[in-house]
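What follows is the content of target36.txt, which has compact mmCIF, C-alpha atoms and all ligand atoms:
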# COMPACT_ATOMS: atom_id res chain seq x y z
CA MET U 1 11.85 5.77 22.60
CA PRO U 2 9.27 7.84 20.66
CA ALA U 3 8.40 6.63 17.16
CA ASP U 4 10.45 8.26 14.42
CA ASN U 5 8.70 8.05 11.08
CA SER U 6 10.49 11.12 9.75
CA GLU U 7 12.37 9.23 7.03
CA GLN U 8 9.15 7.77 5.58
CA ILE U 9 7.34 11.10 5.96
CA ALA U 10 10.10 12.82 3.97
CA GLU U 11 9.94 10.15 1.25
CA TRP U 12 6.17 10.40 0.86
CA ASN U 13 6.43 14.19 0.67
CA GLY U 14 9.30 14.02 -1.82
CA ALA U 15 9.89 12.25 -5.11
CA LEU U 16 7.98 9.13 -4.04
CA GLY U 17 4.76 11.03 -3.24
CA GLU U 18 5.09 13.12 -6.42
CA ARG U 19 5.47 9.95 -8.48
CA TRP U 20 2.37 8.39 -6.89
CA VAL U 21 0.43 11.52 -7.78
CA ALA U 22 1.73 11.56 -11.36
CA MET U 23 1.06 7.83 -11.84
CA ARG U 24 -2.09 7.64 -9.73
CA GLN U 25 -4.35 6.03 -12.30
CA GLU U 26 -1.76 3.51 -13.42
CA ILE U 27 -0.95 2.52 -9.82
CA ASP U 28 -4.63 2.29 -8.94
CA ARG U 29 -5.18 -0.08 -11.87
CA LEU U 30 -2.42 -2.36 -10.56
CA VAL U 31 -3.58 -2.47 -6.95
CA VAL U 32 -7.36 -2.41 -7.38
CA PRO U 33 -7.87 -6.22 -7.10
CA PHE U 34 -6.06 -6.26 -3.75
CA GLY U 35 -7.95 -3.22 -2.45
CA ASN U 36 -11.24 -4.77 -3.54
CA ALA U 37 -10.43 -8.00 -1.69
CA ALA U 38 -9.71 -5.99 1.47
CA LEU U 39 -12.84 -3.85 1.02
CA GLU U 40 -14.88 -7.03 0.69
CA ALA U 41 -13.36 -8.42 3.90
CA ALA U 42 -14.00 -5.08 5.65
CA ALA U 43 -17.67 -5.11 4.58
CA ALA U 44 -18.34 -1.51 5.62
CA GLN U 45 -22.02 -1.02 6.44
CA PRO U 46 -24.30 1.99 5.98
CA GLY U 47 -23.94 4.39 8.89
CA GLU U 48 -20.49 3.14 10.00
CA ARG U 49 -17.56 5.39 10.92
CA ALA U 50 -14.29 4.39 9.28
CA ILE U 51 -10.67 5.55 9.10
CA ASP U 52 -8.54 4.87 6.01
CA ILE U 53 -4.93 4.73 7.22
CA GLY U 54 -2.30 5.92 4.74
CA CYS U 55 -5.17 6.82 2.40
CA GLY U 56 -2.87 8.27 -0.27
CA CYS U 57 -4.80 9.83 -3.15
CA GLY U 58 -8.10 8.78 -1.60
CA ASP U 59 -9.29 5.91 -3.83
CA THR U 60 -10.35 3.51 -1.07
CA ALA U 61 -11.54 6.27 1.28
CA ILE U 62 -13.97 7.39 -1.44
CA GLU U 63 -15.06 3.80 -1.97
CA ILE U 64 -15.70 3.34 1.77
CA ALA U 65 -17.58 6.67 1.88
CA ARG U 66 -19.91 5.24 -0.76
CA MET U 67 -20.34 2.04 1.29
CA VAL U 68 -21.16 3.78 4.58
CA GLY U 69 -23.36 6.41 2.89
CA ALA U 70 -24.26 9.87 4.14
CA ALA U 71 -25.26 8.51 7.56
CA GLY U 72 -21.69 7.29 8.08
CA ALA U 73 -18.36 9.10 8.26
CA VAL U 74 -14.91 8.42 6.79
CA LEU U 75 -11.60 9.99 7.72
CA GLY U 76 -8.62 9.47 5.43
CA ILE U 77 -5.32 10.11 7.18
CA ASP U 78 -1.94 10.38 5.52
CA VAL U 79 1.45 12.06 5.90
CA SER U 80 1.87 12.98 2.23
CA GLN U 81 0.85 16.52 1.31
CA PRO U 82 0.89 15.97 -2.48
CA MET U 83 -1.23 12.81 -2.19
CA LEU U 84 -3.65 14.44 0.27
CA ALA U 85 -4.14 17.36 -2.13
CA VAL U 86 -5.31 14.88 -4.79
CA ALA U 87 -7.49 13.04 -2.25
CA ARG U 88 -9.18 16.28 -1.18
CA SER U 89 -9.99 17.38 -4.70
CA ARG U 90 -11.28 13.91 -5.62
CA GLY U 91 -13.35 13.77 -2.41
CA ALA U 92 -14.93 17.13 -3.33
CA LEU U 93 -15.66 15.90 -6.86
CA ALA U 94 -17.24 12.73 -5.45
CA ASN U 95 -19.58 15.01 -3.48
CA CYS U 96 -18.95 13.22 -0.18
CA ALA U 97 -19.57 15.67 2.66
CA HIS U 98 -19.10 12.83 5.17
CA LEU U 99 -15.55 12.17 3.90
CA THR U 100 -12.66 14.22 5.30
CA PHE U 101 -8.92 14.00 4.92
CA ARG U 102 -6.35 14.84 7.55
CA ASP U 103 -2.61 15.36 7.44
CA GLY U 104 -1.08 13.29 10.23
CA ASP U 105 1.14 10.43 11.28
CA ALA U 106 -1.44 7.71 11.96
CA SER U 107 0.82 6.12 14.57
CA GLU U 108 0.36 9.06 16.93
CA ALA U 109 -2.25 11.53 15.58
CA ALA U 110 -5.39 12.15 17.61
CA LEU U 111 -8.14 10.05 15.98
CA PRO U 112 -11.92 9.95 16.37
CA SER U 113 -13.04 7.55 19.09
CA ASN U 114 -15.80 4.96 18.67
CA THR U 115 -14.70 4.12 15.15
CA ASP U 116 -16.25 0.98 13.62
CA LEU U 117 -13.58 0.22 11.02
CA LEU U 118 -9.88 0.85 10.55
CA PHE U 119 -9.00 0.12 6.93
CA SER U 120 -5.87 0.33 4.83
CA ARG U 121 -4.73 -0.60 1.34
CA PHE U 122 -0.93 -0.87 1.56
CA GLY U 123 -0.69 2.08 3.98
CA VAL U 124 0.33 0.49 7.31
CA MET U 125 3.77 -1.02 6.61
CA PHE U 126 5.74 2.18 7.13
CA PHE U 127 5.69 2.61 10.93
CA SER U 128 9.05 2.51 12.73
CA GLN U 129 7.32 1.00 15.79
CA PRO U 130 4.43 -1.02 14.37
CA THR U 131 3.14 -2.60 17.60
CA ALA U 132 2.93 0.79 19.32
CA ALA U 133 1.34 2.27 16.19
CA PHE U 134 -1.36 -0.42 16.04
CA SER U 135 -1.96 -0.10 19.77
CA HIS U 136 -2.60 3.62 19.23
CA LEU U 137 -4.86 2.90 16.25
CA ARG U 138 -6.81 0.22 18.15
CA LYS U 139 -7.79 2.77 20.81
CA SER U 140 -9.80 4.68 18.20
CA LEU U 141 -12.05 1.62 17.70
CA ARG U 142 -15.21 0.92 19.66
CA ALA U 143 -15.31 -2.43 21.47
CA GLY U 144 -15.88 -5.00 18.74
CA GLY U 145 -14.69 -2.56 16.04
CA ARG U 146 -12.54 -4.11 13.33
CA CYS U 147 -9.25 -3.47 11.60
CA VAL U 148 -8.82 -4.77 8.04
CA PHE U 149 -5.90 -4.12 5.73
CA VAL U 150 -3.97 -5.54 2.81
CA CYS U 151 -0.17 -5.71 2.76
CA TRP U 152 2.41 -7.40 0.53
CA ARG U 153 3.82 -10.87 1.18
CA THR U 154 7.53 -11.48 0.52
CA PRO U 155 9.41 -10.03 -2.47
CA ARG U 156 9.97 -13.63 -3.63
CA ASP U 157 6.18 -14.12 -3.79
CA ASN U 158 5.77 -10.95 -5.84
CA PRO U 159 7.40 -11.51 -9.24
CA TRP U 160 5.51 -8.48 -10.66
CA ALA U 161 7.94 -6.40 -8.59
CA MET U 162 11.03 -8.60 -8.35
CA THR U 163 11.42 -10.01 -11.89
CA PRO U 164 11.82 -6.56 -13.48
CA LEU U 165 13.88 -5.30 -10.53
CA SER U 166 16.34 -8.21 -10.70
CA ALA U 167 16.78 -7.65 -14.45
CA ALA U 168 17.35 -3.91 -13.94
CA ARG U 169 19.85 -4.51 -11.14
CA ALA U 170 21.75 -7.07 -13.23
CA ALA U 171 21.92 -4.63 -16.16
CA MET U 172 23.39 -1.99 -13.84
CA GLY U 173 25.78 -4.45 -12.13
CA ILE U 174 24.11 -3.75 -8.79
CA THR U 175 24.20 -6.39 -6.06
CA PRO U 176 21.75 -5.28 -3.37
CA ALA U 177 23.18 -4.97 0.13
CA PRO U 178 21.54 -7.33 2.64
CA ALA U 179 18.50 -5.49 3.99
CA ASP U 180 16.44 -5.90 7.16
CA PRO U 181 13.23 -7.60 5.93
CA ASP U 182 11.27 -6.06 8.82
CA ALA U 183 12.37 -2.47 8.14
CA PRO U 184 9.53 -0.01 7.38
CA GLY U 185 8.62 -0.35 3.71
CA PRO U 186 6.29 -2.23 1.36
CA PHE U 187 7.39 -5.71 2.48
CA ALA U 188 7.66 -5.04 6.25
CA PHE U 189 4.65 -7.28 7.06
CA ALA U 190 5.60 -10.14 4.74
CA ASP U 191 6.33 -12.49 7.64
CA GLU U 192 2.95 -13.84 8.72
CA GLN U 193 4.08 -14.69 12.26
CA ARG U 194 5.49 -11.19 12.74
CA LEU U 195 2.28 -9.66 11.41
CA ARG U 196 0.18 -11.73 13.81
CA ALA U 197 2.50 -10.87 16.71
CA ILE U 198 2.23 -7.14 15.95
CA LEU U 199 -1.57 -7.22 15.95
CA SER U 200 -1.80 -9.42 19.05
CA GLY U 201 0.87 -7.34 20.79
CA ALA U 202 -1.17 -4.22 20.04
CA GLY U 203 -4.12 -5.73 21.92
CA PHE U 204 -6.23 -6.93 19.00
CA GLY U 205 -8.24 -10.15 19.17
CA ASP U 206 -9.61 -12.47 16.48
CA VAL U 207 -6.45 -11.96 14.42
CA ASP U 208 -6.91 -13.54 11.00
CA VAL U 209 -4.42 -13.47 8.12
CA GLN U 210 -5.44 -14.82 4.72
CA ARG U 211 -3.33 -15.05 1.58
CA PHE U 212 -4.75 -13.28 -1.46
CA ASP U 213 -3.00 -13.48 -4.84
CA ALA U 214 -3.93 -11.88 -8.15
CA ALA U 215 -2.30 -11.48 -11.53
CA ILE U 216 -0.99 -7.96 -12.12
CA ALA U 217 -1.28 -6.93 -15.77
CA LEU U 218 1.94 -5.06 -16.51
CA GLY U 219 1.41 -4.42 -20.22
CA GLY U 220 0.11 -5.59 -23.58
CA THR U 221 3.62 -6.46 -24.79
CA PRO U 222 6.95 -7.05 -23.03
CA ARG U 223 8.08 -3.58 -24.23
CA SER U 224 5.01 -1.76 -22.91
CA ALA U 225 5.27 -3.74 -19.66
CA ALA U 226 8.91 -2.61 -19.35
CA GLU U 227 7.88 1.00 -20.06
CA SER U 228 5.28 0.74 -17.31
CA VAL U 229 7.52 -0.77 -14.60
CA VAL U 230 10.27 1.82 -15.09
CA GLN U 231 7.68 4.40 -14.04
CA VAL U 232 5.89 2.59 -11.20
CA GLY U 233 7.20 0.38 -8.41
CA PRO U 234 10.69 -0.66 -7.35
CA VAL U 235 12.33 -0.26 -10.79
CA SER U 236 11.28 3.40 -10.92
CA ARG U 237 13.14 3.93 -7.64
CA LEU U 238 16.24 2.26 -9.07
CA VAL U 239 16.03 4.50 -12.16
CA ARG U 240 15.97 7.55 -9.87
CA GLU U 241 19.00 6.23 -8.01
CA VAL U 242 21.18 5.40 -11.03
CA GLY U 243 20.05 8.31 -13.21
CA ALA U 244 17.70 8.56 -16.18
CA GLU U 245 20.62 8.32 -18.62
CA HIS U 246 20.62 4.56 -17.92
CA LEU U 247 16.96 4.19 -18.83
CA PRO U 248 17.52 2.68 -22.32
CA ILE U 249 19.72 -0.13 -20.92
CA ILE U 250 17.25 -0.82 -18.12
CA LEU U 251 14.29 -0.86 -20.50
CA ASP U 252 16.01 -3.39 -22.76
CA ALA U 253 16.99 -5.59 -19.81
CA VAL U 254 13.49 -5.57 -18.31
CA GLU U 255 11.90 -6.26 -21.69
CA GLY U 256 14.31 -9.20 -22.16
CA ALA U 257 13.37 -10.64 -18.76
CA LEU U 258 9.64 -10.26 -19.36
CA ALA U 259 9.54 -11.57 -22.94
CA PRO U 260 9.78 -15.29 -22.00
CA LEU U 261 6.95 -14.79 -19.48
CA ALA U 262 4.53 -13.20 -21.96
CA ALA U 263 1.31 -14.95 -22.96
CA PRO U 264 0.99 -16.04 -26.62
CA ASP U 265 -0.79 -12.75 -27.40
CA GLY U 266 2.14 -10.82 -25.90
CA ARG U 267 0.47 -9.71 -22.69
CA VAL U 268 2.57 -9.75 -19.53
CA SER U 269 0.84 -10.52 -16.22
CA LEU U 270 2.81 -11.53 -13.16
CA ASN U 271 1.66 -12.64 -9.75
CA GLY U 272 1.10 -10.28 -6.85
CA SER U 273 0.78 -11.85 -3.41
CA THR U 274 -0.67 -10.23 -0.31
CA TRP U 275 -2.04 -10.82 3.16
CA ILE U 276 -5.53 -9.68 4.00
CA ALA U 277 -5.29 -9.12 7.75
CA SER U 278 -8.25 -8.59 10.01
CA ALA U 279 -8.65 -8.24 13.75
CA THR U 280 -11.08 -6.82 16.28
CA ASN U 281 -10.78 -4.59 19.30
CA PRO U 282 -11.85 -6.65 22.29
CA ALA U 283 -12.18 -3.73 24.71
C1 LIG U 301 1.80 2.48 -0.75
S1 LIG U 301 0.99 4.00 -0.44
C2 LIG U 301 -0.72 3.50 -0.44
C3 LIG U 301 -1.65 4.66 -0.64
C4 LIG U 301 -3.15 4.28 -0.73
N1 LIG U 301 -3.61 3.59 0.45
C5 LIG U 301 -3.43 3.48 -1.97
O1 LIG U 301 -3.66 2.26 -1.85
O2 LIG U 301 -3.41 4.04 -3.07
C6 LIG U 301 1.34 4.19 1.29
C7 LIG U 301 0.71 5.41 1.92
O3 LIG U 301 0.96 5.40 3.32
C8 LIG U 301 1.23 6.72 3.74
N2 LIG U 301 1.95 6.68 5.02
C9 LIG U 301 3.21 6.25 5.26
N3 LIG U 301 3.50 6.37 6.58
C10 LIG U 301 2.39 6.90 7.18
C11 LIG U 301 2.08 7.27 8.52
N4 LIG U 301 2.97 7.12 9.52
N5 LIG U 301 0.85 7.80 8.77
C12 LIG U 301 -0.05 7.97 7.76
N6 LIG U 301 0.19 7.64 6.49
C13 LIG U 301 1.40 7.11 6.19
C14 LIG U 301 2.04 7.29 2.58
O4 LIG U 301 2.09 8.69 2.58
C15 LIG U 301 1.27 6.72 1.39
O5 LIG U 301 0.22 7.56 0.99
Could I get this structure in the form of structure tokens?
Amino acid sequence: MPADNSEQIAEWNGALGERWVAMRQEIDRLVVPFGNAALEAAAAQPGERAIDIGCGCGDTAIEIARMVGAAGAVLGIDVSQPMLAVARSRGALANCAHLTFRDGDASEAALPSNTDLLFSRFGVMFFSQPTAAFSHLRKSLRAGGRCVFVCWRTPRDNPWAMTPLSAARAAMGITPAPADPDAPGPFAFADEQRLRAILSGAGFGDVDVQRFDAAIALGGTPRSAAESVVQVGPVSRLVREVGAEHLPIILDAVEGALAPLAAPDGRVSLNGSTWIASATNPA
């Protein structure tokens, strides 16, 4: 059966992609520690050719372009037109002639061969057929080329996302329907054994999966943290679903849940937990 990523492609070209564009700087601030950990593991070298999968608004692609320098080349690939438009204008501003962006489904798009590095910050968990997708991606790597990405661990391990979401759901009287934990989405690679099996099944060798946690600063006070999470992340999706007229109730509920977790100075930082996965192409 051919891969069908049409649902995700529609989401990233609809309200979800628009929200990422509108909140780009705020989102980047939240995810930068995780991206930096993955960039460090990737260790892109001057002259290397890299692909940033699900590059979004281009932050890490630009960073890798700086690492590989003008003698290297970076391709950012993504399915989201609004996010690619931002990436292209930022790439032009960064004056990186060796950085290009392409619209395409990374699980099947034609990709440059002899690539040294496949990289992604939270952009590879959305494939309907992940093993086939990674097998396709692996074929763009030279022998010995590496794949390095960061993805979220379980919702339970990510209170920055789940504490506010649980409070918002409770305020709305919503009991979430049981969901398939492996379904395409942010937490699809949470299960370490599944993640390893996908990479091995796709033909990668030297599969390594390391836990990386960091505190995510949500706001300077419980109220400002609540105001931030209703705009970014899973609570913002819930607000879209239930309607903005419920925003005041949700804000109060989230603030109430975050207040006991605030530091003495009022700041709210909650844990974010990820896997940094790396693997090499043996052939
Ligand atoms: C969570 S965002 C991360 C964006 C970016 N890497 C960052 O860290 O800011 C996930 C990205 O993956 C992209 N994406 C989802 N499915 C894709 C696919 N099949 N091929 C290419 N990109 C995809 C989305 O459009 C989105 O830009």
For ligand LIG 301 (chain U), return the neighbouring residues as an MDAnalysis selection string (distance at most 8 Å; all atoms listed in the file).
chainID U and resid 5 8:9 12:13 17 20 24 27:28 31 35 52:60 77:80 83:84 103:107 120:127 186
So which one's closest to Ser200 (chain U), U:Leu117, U:Val254, U:Ala132, U:Ala85? Using all atoms listed in the file, please.
U:Ala132
Give me the residues within 7 Å of region 39-44 of chain U as a list in words, counting only C-alpha atoms and dropping any in the same chain fewer than 2 places off.
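Contacts, in chain order: Gly35, Asn36, Ala37, Pro46, Glu48, Ile64, Met67, Val68 and Val148 of chain U.
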Proximity to Arg138 (chain U) - best of U:Ala94, U:Leu99, U:Ala10, U:Leu199, all atoms listed in the file:
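Checking each of U:Ala94, U:Leu99, U:Ala10, U:Leu199 against Arg138 (chain U), counting all atoms listed in the file, the winner is U:Leu199.
Across the model, the gap from CA of Arg142 (chain U) to CA of His98 (chain U) is 19.2 Å.
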What lies within 9 Å of Phe212 (chain U) using all atoms listed in the file, ignoring chain neighbours under 3 positions off, as a list of chain:residue names?
U:Phe34, U:Ala37, U:Val150, U:Gly272, U:Ser273, U:Thr274, U:Trp275, U:Ile276
Could you please take those selected residues and save C-alpha atoms as a PDB file, in the frame of the given file?
ATOM      1  CA  PHE U  34      -6.060  -6.260  -3.750  1.00  0.00           C
ATOM      2  CA  ALA U  37     -10.430  -8.000  -1.690  1.00  0.00           C
ATOM      3  CA  VAL U 150      -3.970  -5.540   2.810  1.00  0.00           C
ATOM      4  CA  GLY U 272       1.100 -10.280  -6.850  1.00  0.00           C
ATOM      5  CA  SER U 273       0.780 -11.850  -3.410  1.00  0.00           C
ATOM      6  CA  THR U 274      -0.670 -10.230  -0.310  1.00  0.00           C
ATOM      7  CA  TRP U 275      -2.040 -10.820   3.160  1.00  0.00           C
ATOM      8  CA  ILE U 276      -5.530  -9.680   4.000  1.00  0.00           C
TER       9      ILE U 276
END
Taking (6.7, 7.9, -8.8) as a centre in this file's frame and 12 Å as the limit, can you find every polymer residue with an atom that close, using only C-alpha atoms, and give them as a PDB file with C-alpha atoms, in the coordinates of the input?
ATOM      1  CA  GLU U  11       9.940  10.150   1.250  1.00  0.00           C
ATOM      2  CA  TRP U  12       6.170  10.400   0.860  1.00  0.00           C
ATOM      3  CA  ASN U  13       6.430  14.190   0.670  1.00  0.00           C
ATOM      4  CA  GLY U  14       9.300  14.020  -1.820  1.00  0.00           C
ATOM      5  CA  ALA U  15       9.890  12.250  -5.110  1.00  0.00           C
ATOM      6  CA  LEU U  16       7.980   9.130  -4.040  1.00  0.00           C
ATOM      7  CA  GLY U  17       4.760  11.030  -3.240  1.00  0.00           C
ATOM      8  CA  GLU U  18       5.090  13.120  -6.420  1.00  0.00           C
ATOM      9  CA  ARG U  19       5.470   9.950  -8.480  1.00  0.00           C
ATOM     10  CA  TRP U  20       2.370   8.390  -6.890  1.00  0.00           C
ATOM     11  CA  VAL U  21       0.430  11.520  -7.780  1.00  0.00           C
ATOM     12  CA  ALA U  22       1.730  11.560 -11.360  1.00  0.00           C
ATOM     13  CA  MET U  23       1.060   7.830 -11.840  1.00  0.00           C
ATOM     14  CA  ARG U  24      -2.090   7.640  -9.730  1.00  0.00           C
ATOM     15  CA  GLN U  25      -4.350   6.030 -12.300  1.00  0.00           C
ATOM     16  CA  GLU U  26      -1.760   3.510 -13.420  1.00  0.00           C
ATOM     17  CA  ILE U  27      -0.950   2.520  -9.820  1.00  0.00           C
ATOM     18  CA  PRO U  82       0.890  15.970  -2.480  1.00  0.00           C
ATOM     19  CA  MET U  83      -1.230  12.810  -2.190  1.00  0.00           C
ATOM     20  CA  SER U 228       5.280   0.740 -17.310  1.00  0.00           C
ATOM     21  CA  VAL U 229       7.520  -0.770 -14.600  1.00  0.00           C
ATOM     22  CA  VAL U 230      10.270   1.820 -15.090  1.00  0.00           C
ATOM     23  CA  GLN U 231       7.680   4.400 -14.040  1.00  0.00           C
ATOM     24  CA  VAL U 232       5.890   2.590 -11.200  1.00  0.00           C
ATOM     25  CA  GLY U 233       7.200   0.380  -8.410  1.00  0.00           C
ATOM     26  CA  PRO U 234      10.690  -0.660  -7.350  1.00  0.00           C
ATOM     27  CA  VAL U 235      12.330  -0.260 -10.790  1.00  0.00           C
ATOM     28  CA  SER U 236      11.280   3.400 -10.920  1.00  0.00           C
ATOM     29  CA  ARG U 237      13.140   3.930  -7.640  1.00  0.00           C
ATOM     30  CA  LEU U 238      16.240   2.260  -9.070  1.00  0.00           C
ATOM     31  CA  VAL U 239      16.030   4.500 -12.160  1.00  0.00           C
ATOM     32  CA  ARG U 240      15.970   7.550  -9.870  1.00  0.00           C
TER      33      ARG U 240
END
Could you pull out every residue with an atom within 7 Å of (22.0, -2.5, -16.8), file coordinates, counting all atoms listed in the file, and send them as a list of chain:residue names?
U:Ala168, U:Arg169, U:Ala170, U:Ala171, U:Met172, U:Gly173, U:Ile249, U:Ile250, U:Ala253
Using all atoms listed in the file, which residue out of U:Gly220, U:Arg66, U:Ser128, U:Ala87 lies closest to Ser6 (chain U)?
U:Ser128
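Relative to CA of Leu75 (chain U), CA of Phe119 (chain U) is found at 10.2 Å.
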